[in-house]
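Working notes, beginning with the structure itself.
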Amino acid sequence: MNELQILSTEVGEEVLLPYFPEGIRAGFPSPATDYEEEAIDLNKTLIRHREATFFARVKGESMVDAGFMPGDLLVVDRSLEPQNGDVVVAYVDGGFTIKELDLTQREQGVVRLLPHNEAFKPLTITPEQTSMIWGVVTYCIHKSTRSRRGG
């Protein structure tokens, strides 16, 4: 099971960072019209429910095919009602894990947590297990390739 490093959300004063609202093209470059720059506060953008939000750092590789890499920083909202297909942080038998929530067989009493890596098997949650959905992942922040190499 993947472990997660749980971090608190100490949201202090507003921190405004440069922001380009028109976006930056990932295709062919285009001449920038005005080089317009606004400001953005990532706390306001990433955190909707401050009291119910926490951060976690991904450890393990069970979700790499969904883009969740070891070391990525997750924004997790505990106030959201988990829905089928959500990526969630779950507490199962004494440990935290990140997986996709599968509720398609809920009427039959089956809840599954699906990895996104063929090397891992789905977890089927039984009533005998100590488990709970801890929160819904709302954002995943990861370093660029160069940053991952330490450059």
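Quick note on naming: the chains in the structure tokens go A, B, ... in the order shown, residues restart at 1 in each chain, and ligands are numbered from 1 in order of appearance.
By only C-alpha atoms, and with residues fewer than 4 positions from Val137 in chain A along its chain excluded, the set lying at most 9 Å from it is A:Leu74, A:Val75, A:Val76, A:Asp77, A:Arg78, A:Asp86, A:Val87, A:Val88, A:Val89, A:Ile98.
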Those of range 66-150 of chain A in DSSP helix (DSSP H, G or I), formatted as an MDAnalysis selection string: chainID A and resid 66 106:108 145:148
Keeping only N, CA and C atoms, write the selected residues as a PDB file, in the first residue's frame.
ATOM      1  N   ALA A  66      -1.823   7.402 -13.862  1.00  0.00           N
ATOM      2  CA  ALA A  66      -2.816   8.482 -13.795  1.00  0.00           C
ATOM      3  C   ALA A  66      -2.112   9.826 -13.585  1.00  0.00           C
ATOM      4  N   ARG A 106     -21.419  -0.956  -5.488  1.00  0.00           N
ATOM      5  CA  ARG A 106     -21.764  -0.573  -4.116  1.00  0.00           C
ATOM      6  C   ARG A 106     -23.063  -1.221  -3.638  1.00  0.00           C
ATOM      7  N   GLU A 107     -24.032  -1.350  -4.534  1.00  0.00           N
ATOM      8  CA  GLU A 107     -25.318  -1.966  -4.158  1.00  0.00           C
ATOM      9  C   GLU A 107     -25.144  -3.411  -3.705  1.00  0.00           C
ATOM     10  N   GLN A 108     -24.102  -4.068  -4.168  1.00  0.00           N
ATOM     11  CA  GLN A 108     -23.803  -5.433  -3.744  1.00  0.00           C
ATOM     12  C   GLN A 108     -22.869  -5.441  -2.526  1.00  0.00           C
ATOM     13  N   THR A 145      10.182  17.793 -15.291  1.00  0.00           N
ATOM     14  CA  THR A 145      11.197  16.770 -15.460  1.00  0.00           C
ATOM     15  C   THR A 145      12.551  17.266 -14.984  1.00  0.00           C
ATOM     16  N   ARG A 146      12.905  18.473 -15.361  1.00  0.00           N
ATOM     17  CA  ARG A 146      14.203  19.024 -14.967  1.00  0.00           C
ATOM     18  C   ARG A 146      14.304  19.135 -13.448  1.00  0.00           C
ATOM     19  N   SER A 147      13.227  19.578 -12.796  1.00  0.00           N
ATOM     20  CA  SER A 147      13.233  19.720 -11.351  1.00  0.00           C
ATOM     21  C   SER A 147      13.354  18.364 -10.653  1.00  0.00           C
ATOM     22  N   ARG A 148      12.764  17.333 -11.248  1.00  0.00           N
ATOM     23  CA  ARG A 148      12.847  15.997 -10.647  1.00  0.00           C
ATOM     24  C   ARG A 148      14.281  15.481 -10.669  1.00  0.00           C
TER      25      ARG A 148
END
Near-Ile141 in chain A list (12 Å; only C-alpha atoms; drop same-chain fewer than 2 positions) as a list in words: Leu42, Leu46, Phe55, Ala56, Arg57, Val58, Gly67, Phe68, Met69, Pro70, Gly71, Asp72, Leu73, Leu74, Val75, Val76, Val137, Thr138, Tyr139, Lys143 and Ser144 of chain A
Residues of the last selection are to be written out with N, CA and C atoms, as an mmCIF file, in the first residue's frame.
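Contents of selection_18.cif, freshly written:
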data_model
loop_
_atom_site.group_PDB
_atom_site.id
_atom_site.type_symbol
_atom_site.label_atom_id
_atom_site.label_comp_id
_atom_site.auth_asym_id
_atom_site.auth_seq_id
_atom_site.Cartn_x
_atom_site.Cartn_y
_atom_site.Cartn_z
ATOM 1 N N LEU A 42 -2.375 31.342 -4.922
ATOM 2 C CA LEU A 42 -2.598 29.904 -5.056
ATOM 3 C C LEU A 42 -3.454 29.353 -3.918
ATOM 4 N N LEU A 46 -6.405 26.987 -5.097
ATOM 5 C CA LEU A 46 -6.320 25.546 -4.837
ATOM 6 C C LEU A 46 -7.135 25.071 -3.642
ATOM 7 N N PHE A 55 -2.737 18.800 2.763
ATOM 8 C CA PHE A 55 -1.810 18.396 1.720
ATOM 9 C C PHE A 55 -1.249 17.030 2.064
ATOM 10 N N ALA A 56 -0.874 16.291 1.043
ATOM 11 C CA ALA A 56 -0.207 15.002 1.244
ATOM 12 C C ALA A 56 0.829 14.844 0.142
ATOM 13 N N ARG A 57 1.905 14.166 0.461
ATOM 14 C CA ARG A 57 2.932 13.906 -0.536
ATOM 15 C C ARG A 57 2.862 12.431 -0.916
ATOM 16 N N VAL A 58 2.865 12.144 -2.219
ATOM 17 C CA VAL A 58 2.746 10.780 -2.735
ATOM 18 C C VAL A 58 4.040 10.019 -2.477
ATOM 19 N N GLY A 67 -0.770 9.819 -13.582
ATOM 20 C CA GLY A 67 -0.016 11.058 -13.461
ATOM 21 C C GLY A 67 0.374 11.444 -12.045
ATOM 22 N N PHE A 68 0.156 10.560 -11.074
ATOM 23 C CA PHE A 68 0.527 10.828 -9.685
ATOM 24 C C PHE A 68 1.870 10.166 -9.418
ATOM 25 N N MET A 69 2.924 10.963 -9.359
ATOM 26 C CA MET A 69 4.282 10.454 -9.232
ATOM 27 C C MET A 69 4.780 10.562 -7.794
ATOM 28 N N PRO A 70 5.736 9.695 -7.409
ATOM 29 C CA PRO A 70 6.321 9.827 -6.074
ATOM 30 C C PRO A 70 6.863 11.242 -5.867
ATOM 31 N N GLY A 71 6.540 11.817 -4.731
ATOM 32 C CA GLY A 71 6.977 13.175 -4.415
ATOM 33 C C GLY A 71 5.974 14.254 -4.777
ATOM 34 N N ASP A 72 4.959 13.924 -5.584
ATOM 35 C CA ASP A 72 3.946 14.919 -5.946
ATOM 36 C C ASP A 72 3.209 15.390 -4.700
ATOM 37 N N LEU A 73 2.770 16.630 -4.746
ATOM 38 C CA LEU A 73 2.018 17.224 -3.649
ATOM 39 C C LEU A 73 0.542 17.215 -4.010
ATOM 40 N N LEU A 74 -0.276 16.606 -3.150
ATOM 41 C CA LEU A 74 -1.714 16.518 -3.374
ATOM 42 C C LEU A 74 -2.442 17.542 -2.519
ATOM 43 N N VAL A 75 -3.498 18.130 -3.079
ATOM 44 C CA VAL A 75 -4.419 18.949 -2.315
ATOM 45 C C VAL A 75 -5.656 18.086 -2.128
ATOM 46 N N VAL A 76 -6.022 17.836 -0.864
ATOM 47 C CA VAL A 76 -7.093 16.899 -0.546
ATOM 48 C C VAL A 76 -8.166 17.618 0.261
ATOM 49 N N VAL A 137 -9.014 13.998 -3.730
ATOM 50 C CA VAL A 137 -7.887 14.750 -4.282
ATOM 51 C C VAL A 137 -8.452 15.757 -5.284
ATOM 52 N N THR A 138 -8.160 17.043 -5.057
ATOM 53 C CA THR A 138 -8.652 18.092 -5.955
ATOM 54 C C THR A 138 -7.567 18.605 -6.893
ATOM 55 N N TYR A 139 -6.312 18.537 -6.465
ATOM 56 C CA TYR A 139 -5.191 18.959 -7.300
ATOM 57 C C TYR A 139 -3.987 18.083 -7.014
ATOM 58 N N LYS A 143 6.619 18.348 -9.921
ATOM 59 C CA LYS A 143 7.748 19.084 -10.472
ATOM 60 C C LYS A 143 7.918 18.740 -11.940
ATOM 61 N N SER A 144 8.523 19.663 -12.659
ATOM 62 C CA SER A 144 8.831 19.380 -14.062
ATOM 63 C C SER A 144 9.954 18.345 -14.125
#
Residue list (strand (DSSP E or B), DSSP) for range 41-108 of chain A, as number ranges by chain: A: 41, 53-58, 73-77, 87-92, 95-102
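We find CA of Thr53 in chain A and CA of Pro127 in chain A to be spaced 27.0 Å apart.
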Å distance separating CA of Asp102 in chain A from CA of Gly85 in chain A, one decimal place: 5.9 Å
Exercise: Leu101 in chain A partners within 10 Å, only C-alpha atoms, chain neighbours under 6 positions left out, as an MDAnalysis selection string: chainID A and resid 82:90 111:115 123 133 136
Could you write those residues out with N, CA and C atoms, as a PDB file, in the first residue's frame?
ATOM      1  N   PRO A  82     -17.286  11.837  -1.667  1.00  0.00           N
ATOM      2  CA  PRO A  82     -16.595  11.046  -2.695  1.00  0.00           C
ATOM      3  C   PRO A  82     -17.581  10.454  -3.700  1.00  0.00           C
ATOM      4  N   GLN A  83     -17.243  10.558  -4.963  1.00  0.00           N
ATOM      5  CA  GLN A  83     -18.069  10.033  -6.050  1.00  0.00           C
ATOM      6  C   GLN A  83     -17.298   8.938  -6.788  1.00  0.00           C
ATOM      7  N   ASN A  84     -18.024   8.078  -7.474  1.00  0.00           N
ATOM      8  CA  ASN A  84     -17.396   7.053  -8.291  1.00  0.00           C
ATOM      9  C   ASN A  84     -16.421   7.702  -9.274  1.00  0.00           C
ATOM     10  N   GLY A  85     -15.218   7.191  -9.347  1.00  0.00           N
ATOM     11  CA  GLY A  85     -14.216   7.704 -10.268  1.00  0.00           C
ATOM     12  C   GLY A  85     -13.309   8.772  -9.674  1.00  0.00           C
ATOM     13  N   ASP A  86     -13.643   9.293  -8.487  1.00  0.00           N
ATOM     14  CA  ASP A  86     -12.767  10.268  -7.839  1.00  0.00           C
ATOM     15  C   ASP A  86     -11.469   9.593  -7.415  1.00  0.00           C
ATOM     16  N   VAL A  87     -10.392  10.349  -7.455  1.00  0.00           N
ATOM     17  CA  VAL A  87      -9.154   9.899  -6.836  1.00  0.00           C
ATOM     18  C   VAL A  87      -9.244  10.345  -5.384  1.00  0.00           C
ATOM     19  N   VAL A  88      -9.059   9.386  -4.484  1.00  0.00           N
ATOM     20  CA  VAL A  88      -9.264   9.654  -3.065  1.00  0.00           C
ATOM     21  C   VAL A  88      -8.049   9.235  -2.254  1.00  0.00           C
ATOM     22  N   VAL A  89      -7.963   9.816  -1.073  1.00  0.00           N
ATOM     23  CA  VAL A  89      -7.048   9.325  -0.056  1.00  0.00           C
ATOM     24  C   VAL A  89      -7.906   8.483   0.878  1.00  0.00           C
ATOM     25  N   ALA A  90      -7.529   7.227   1.034  1.00  0.00           N
ATOM     26  CA  ALA A  90      -8.284   6.298   1.877  1.00  0.00           C
ATOM     27  C   ALA A  90      -7.396   5.807   3.009  1.00  0.00           C
ATOM     28  N   VAL A 111     -16.950  -2.132  -2.427  1.00  0.00           N
ATOM     29  CA  VAL A 111     -16.261  -0.872  -2.729  1.00  0.00           C
ATOM     30  C   VAL A 111     -14.827  -1.241  -3.043  1.00  0.00           C
ATOM     31  N   ARG A 112     -14.323  -0.714  -4.168  1.00  0.00           N
ATOM     32  CA  ARG A 112     -12.954  -1.032  -4.560  1.00  0.00           C
ATOM     33  C   ARG A 112     -12.133   0.241  -4.707  1.00  0.00           C
ATOM     34  N   LEU A 113     -10.847   0.091  -4.484  1.00  0.00           N
ATOM     35  CA  LEU A 113      -9.889   1.159  -4.695  1.00  0.00           C
ATOM     36  C   LEU A 113      -8.958   0.696  -5.805  1.00  0.00           C
ATOM     37  N   LEU A 114      -8.949   1.439  -6.904  1.00  0.00           N
ATOM     38  CA  LEU A 114      -8.238   1.003  -8.097  1.00  0.00           C
ATOM     39  C   LEU A 114      -6.908   1.724  -8.267  1.00  0.00           C
ATOM     40  N   PRO A 115      -5.829   0.962  -8.448  1.00  0.00           N
ATOM     41  CA  PRO A 115      -4.546   1.577  -8.768  1.00  0.00           C
ATOM     42  C   PRO A 115      -4.504   1.929 -10.251  1.00  0.00           C
ATOM     43  N   LEU A 123      -7.809  -2.922  -4.561  1.00  0.00           N
ATOM     44  CA  LEU A 123      -8.141  -3.269  -3.180  1.00  0.00           C
ATOM     45  C   LEU A 123      -9.655  -3.346  -3.068  1.00  0.00           C
ATOM     46  N   ILE A 133     -12.871   6.712   3.656  1.00  0.00           N
ATOM     47  CA  ILE A 133     -12.374   7.637   2.637  1.00  0.00           C
ATOM     48  C   ILE A 133     -12.011   8.914   3.384  1.00  0.00           C
ATOM     49  N   VAL A 136     -11.041  13.721  -0.901  1.00  0.00           N
ATOM     50  CA  VAL A 136     -10.994  13.687  -2.362  1.00  0.00           C
ATOM     51  C   VAL A 136      -9.826  14.555  -2.837  1.00  0.00           C
TER      52      VAL A 136
END
Interatomic distance, CA of Phe120 in chain A to CA of Gly95 in chain A (Å, one decimal): 16.3 Å
Could you list, as a PDB file with N, CA and C atoms, in the first residue's frame, every residue within 12 Å of Gly109 in chain A, counting only C-alpha atoms and ignoring same-chain residues fewer than 4 positions away?
ATOM      1  N   ASP A 102     -13.953   3.150  -6.803  1.00  0.00           N
ATOM      2  CA  ASP A 102     -14.872   2.419  -7.678  1.00  0.00           C
ATOM      3  C   ASP A 102     -16.105   2.028  -6.862  1.00  0.00           C
ATOM      4  N   LEU A 103     -17.229   2.691  -7.149  1.00  0.00           N
ATOM      5  CA  LEU A 103     -18.484   2.419  -6.450  1.00  0.00           C
ATOM      6  C   LEU A 103     -19.501   1.726  -7.345  1.00  0.00           C
ATOM      7  N   THR A 104     -19.063   1.166  -8.468  1.00  0.00           N
ATOM      8  CA  THR A 104     -19.994   0.577  -9.422  1.00  0.00           C
ATOM      9  C   THR A 104     -20.718  -0.648  -8.868  1.00  0.00           C
ATOM     10  N   GLN A 105     -20.163  -1.293  -7.844  1.00  0.00           N
ATOM     11  CA  GLN A 105     -20.784  -2.476  -7.250  1.00  0.00           C
ATOM     12  C   GLN A 105     -21.219  -2.208  -5.808  1.00  0.00           C
ATOM     13  N   THR A 124     -10.162  -4.456  -2.605  1.00  0.00           N
ATOM     14  CA  THR A 124     -11.591  -4.587  -2.337  1.00  0.00           C
ATOM     15  C   THR A 124     -11.784  -4.385  -0.846  1.00  0.00           C
ATOM     16  N   ILE A 125     -12.609  -3.406  -0.500  1.00  0.00           N
ATOM     17  CA  ILE A 125     -12.841  -3.066   0.896  1.00  0.00           C
ATOM     18  C   ILE A 125     -13.998  -3.915   1.419  1.00  0.00           C
ATOM     19  N   THR A 126     -13.746  -4.630   2.499  1.00  0.00           N
ATOM     20  CA  THR A 126     -14.778  -5.468   3.105  1.00  0.00           C
ATOM     21  C   THR A 126     -15.242  -4.825   4.410  1.00  0.00           C
ATOM     22  N   PRO A 127     -16.442  -5.176   4.870  1.00  0.00           N
ATOM     23  CA  PRO A 127     -16.946  -4.606   6.131  1.00  0.00           C
ATOM     24  C   PRO A 127     -16.066  -4.944   7.337  1.00  0.00           C
ATOM     25  N   GLU A 128     -15.294  -6.011   7.264  1.00  0.00           N
ATOM     26  CA  GLU A 128     -14.433  -6.405   8.374  1.00  0.00           C
ATOM     27  C   GLU A 128     -13.218  -5.498   8.515  1.00  0.00           C
TER      28      GLU A 128
END
